[in-house]
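See structure below.
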Amino acid sequence: MISFLVSLIALVAGYFIYGAFVESVFGAKTDRKTPAYTQEDSVDFIPLSWSRIFLIQFLNIAGLGPIFGAIMGALFGPAAFLWIVLGSIFAGGVHDYFSGMLSVRHDGKSI
């Protein structure tokens with residue numbers, strides 16, 4: 001239980017502290033409109049409410065957690081907490097943020 005609480009605290013701290021650092025390095029511009037507004041066509045580019053965007057991101061990230069977490073825990077034991085928590089903070093979150101921001105900078109294009 002202690003490792004779970006420490007992991008939860010690390011995720012929240014990583015979100016606020018490391019997230020602010022990553023955002024400052026990338027140099028996000030809050031006045032830049034997203035392709036959902038600049039290229040709106042009601043098919044591929046559709047503005048959504050904050051709650052729908054949050055739900056989509058949450059399902060993309062949290063959908064794999066119960067499967068991946070159980071497999072990692074069975075294979076590697078308590079060390080899986082470190083891998084999942086640190087990987088989420090320093091790899092997964094940064095990758096999702098950078099790929100989204102690069103897509104915004106390049107008119108909605110992705111790899």
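Identifiers in this document derive from the order of the structure tokens: chains are assigned A, B, ..., residues are numbered from 1 separately in each chain, and ligands are numbered from 1 in order of occurrence.
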query = Which neighbours of region 4-9 of chain A fall inside 8 Å, counting only C-alpha atoms, when residues of the same chain fewer than 5 positions from it are skipped, and could you give them as an MDAnalysis selection string?
reply = chainID A and resid 81:82 85
task = Considering only C-alpha atoms, return as an MDAnalysis selection string whatever protein or nucleic-acid residues lie within 6 Å of Thr34 (chain A), sequence-local ones (same chain, fewer than 2 positions apart) excluded.
result = chainID A and resid 36:37 104
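CA of Gly108 (chain A) is positioned 17.9 Å from CA of Gly27 (chain A).
Distance-wise, CA of Asp31 (chain A) and CA of Arg105 (chain A) end up 12.3 Å apart.
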ask   = Between CA of Ser99 (chain A) and CA of Ala13 (chain A), what is the distance, to one decimal in Å?
value = 22.0 Å
task = Write out as a list in words which residues come within 9 Å of Gly93 (chain A) when counting only C-alpha atoms, dropping same-chain ones fewer than 6 positions away.
result = Tyr15, Gly19 and Gly87 of chain A
Write a file of the just-selected residues containing N, CA and C atoms, as a PDB file, in the first residue's frame.
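Contents of again.pdb, freshly written:
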```
ATOM      1  N   TYR A  15       3.421  15.325 -12.856  1.00  0.00           N
ATOM      2  CA  TYR A  15       2.512  16.069 -13.720  1.00  0.00           C
ATOM      3  C   TYR A  15       2.732  17.569 -13.569  1.00  0.00           C
ATOM      4  N   GLY A  19       5.885  18.409 -15.863  1.00  0.00           N
ATOM      5  CA  GLY A  19       5.029  18.924 -16.928  1.00  0.00           C
ATOM      6  C   GLY A  19       5.275  20.396 -17.208  1.00  0.00           C
ATOM      7  N   GLY A  87       8.123   5.620 -16.217  1.00  0.00           N
ATOM      8  CA  GLY A  87       7.875   5.595 -17.661  1.00  0.00           C
ATOM      9  C   GLY A  87       6.724   6.504 -18.053  1.00  0.00           C
TER      10      GLY A  87
END
```
request  = From region 45-98 of chain A, collect each residue whose DSSP state is alpha helix (DSSP H) and return the set as a VMD selection string.
outcome  = chain A and resid 50 to 62 65 to 76 79 to 87 93 to 98
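When only C-alpha atoms are used to compute distances to Gly69 (chain A), the closest of the residues A:Ile17, A:Ser88, A:Asp107, A:Arg52 turns out to be A:Ser88.
Every protein or nucleic acid residue with an atom no more than 10 Å from Met72 (chain A), counting only C-alpha atoms and leaving out same-chain residues fewer than 5 positions away, appears here: Ile67, Gly77, Pro78, Ala79, Ala80, Phe81, Trp83 and Ile84 of chain A.
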Please, could you write that set of residues out with N, CA and C atoms as a PDB file, in the first residue's frame?
```
ATOM      1  N   ILE A  67      -4.112  -3.859 -18.175  1.00  0.00           N
ATOM      2  CA  ILE A  67      -3.512  -5.013 -18.850  1.00  0.00           C
ATOM      3  C   ILE A  67      -2.001  -4.995 -18.673  1.00  0.00           C
ATOM      4  N   GLY A  77       7.379  -8.094 -10.484  1.00  0.00           N
ATOM      5  CA  GLY A  77       7.075  -7.817  -9.087  1.00  0.00           C
ATOM      6  C   GLY A  77       6.971  -6.334  -8.789  1.00  0.00           C
ATOM      7  N   PRO A  78       7.346  -5.934  -7.579  1.00  0.00           N
ATOM      8  CA  PRO A  78       7.191  -4.536  -7.167  1.00  0.00           C
ATOM      9  C   PRO A  78       8.011  -3.544  -8.001  1.00  0.00           C
ATOM     10  N   ALA A  79       9.044  -4.004  -8.669  1.00  0.00           N
ATOM     11  CA  ALA A  79       9.833  -3.097  -9.515  1.00  0.00           C
ATOM     12  C   ALA A  79       8.984  -2.533 -10.662  1.00  0.00           C
ATOM     13  N   ALA A  80       7.873  -3.200 -10.966  1.00  0.00           N
ATOM     14  CA  ALA A  80       6.994  -2.714 -12.029  1.00  0.00           C
ATOM     15  C   ALA A  80       6.404  -1.359 -11.675  1.00  0.00           C
ATOM     16  N   PHE A  81       6.192  -1.094 -10.365  1.00  0.00           N
ATOM     17  CA  PHE A  81       5.706   0.223  -9.959  1.00  0.00           C
ATOM     18  C   PHE A  81       6.651   1.314 -10.444  1.00  0.00           C
ATOM     19  N   TRP A  83       8.820   1.178 -12.942  1.00  0.00           N
ATOM     20  CA  TRP A  83       8.813   1.239 -14.399  1.00  0.00           C
ATOM     21  C   TRP A  83       7.571   1.959 -14.910  1.00  0.00           C
ATOM     22  N   ILE A  84       6.423   1.609 -14.376  1.00  0.00           N
ATOM     23  CA  ILE A  84       5.178   2.217 -14.847  1.00  0.00           C
ATOM     24  C   ILE A  84       5.127   3.693 -14.467  1.00  0.00           C
TER      25      ILE A  84
END
```
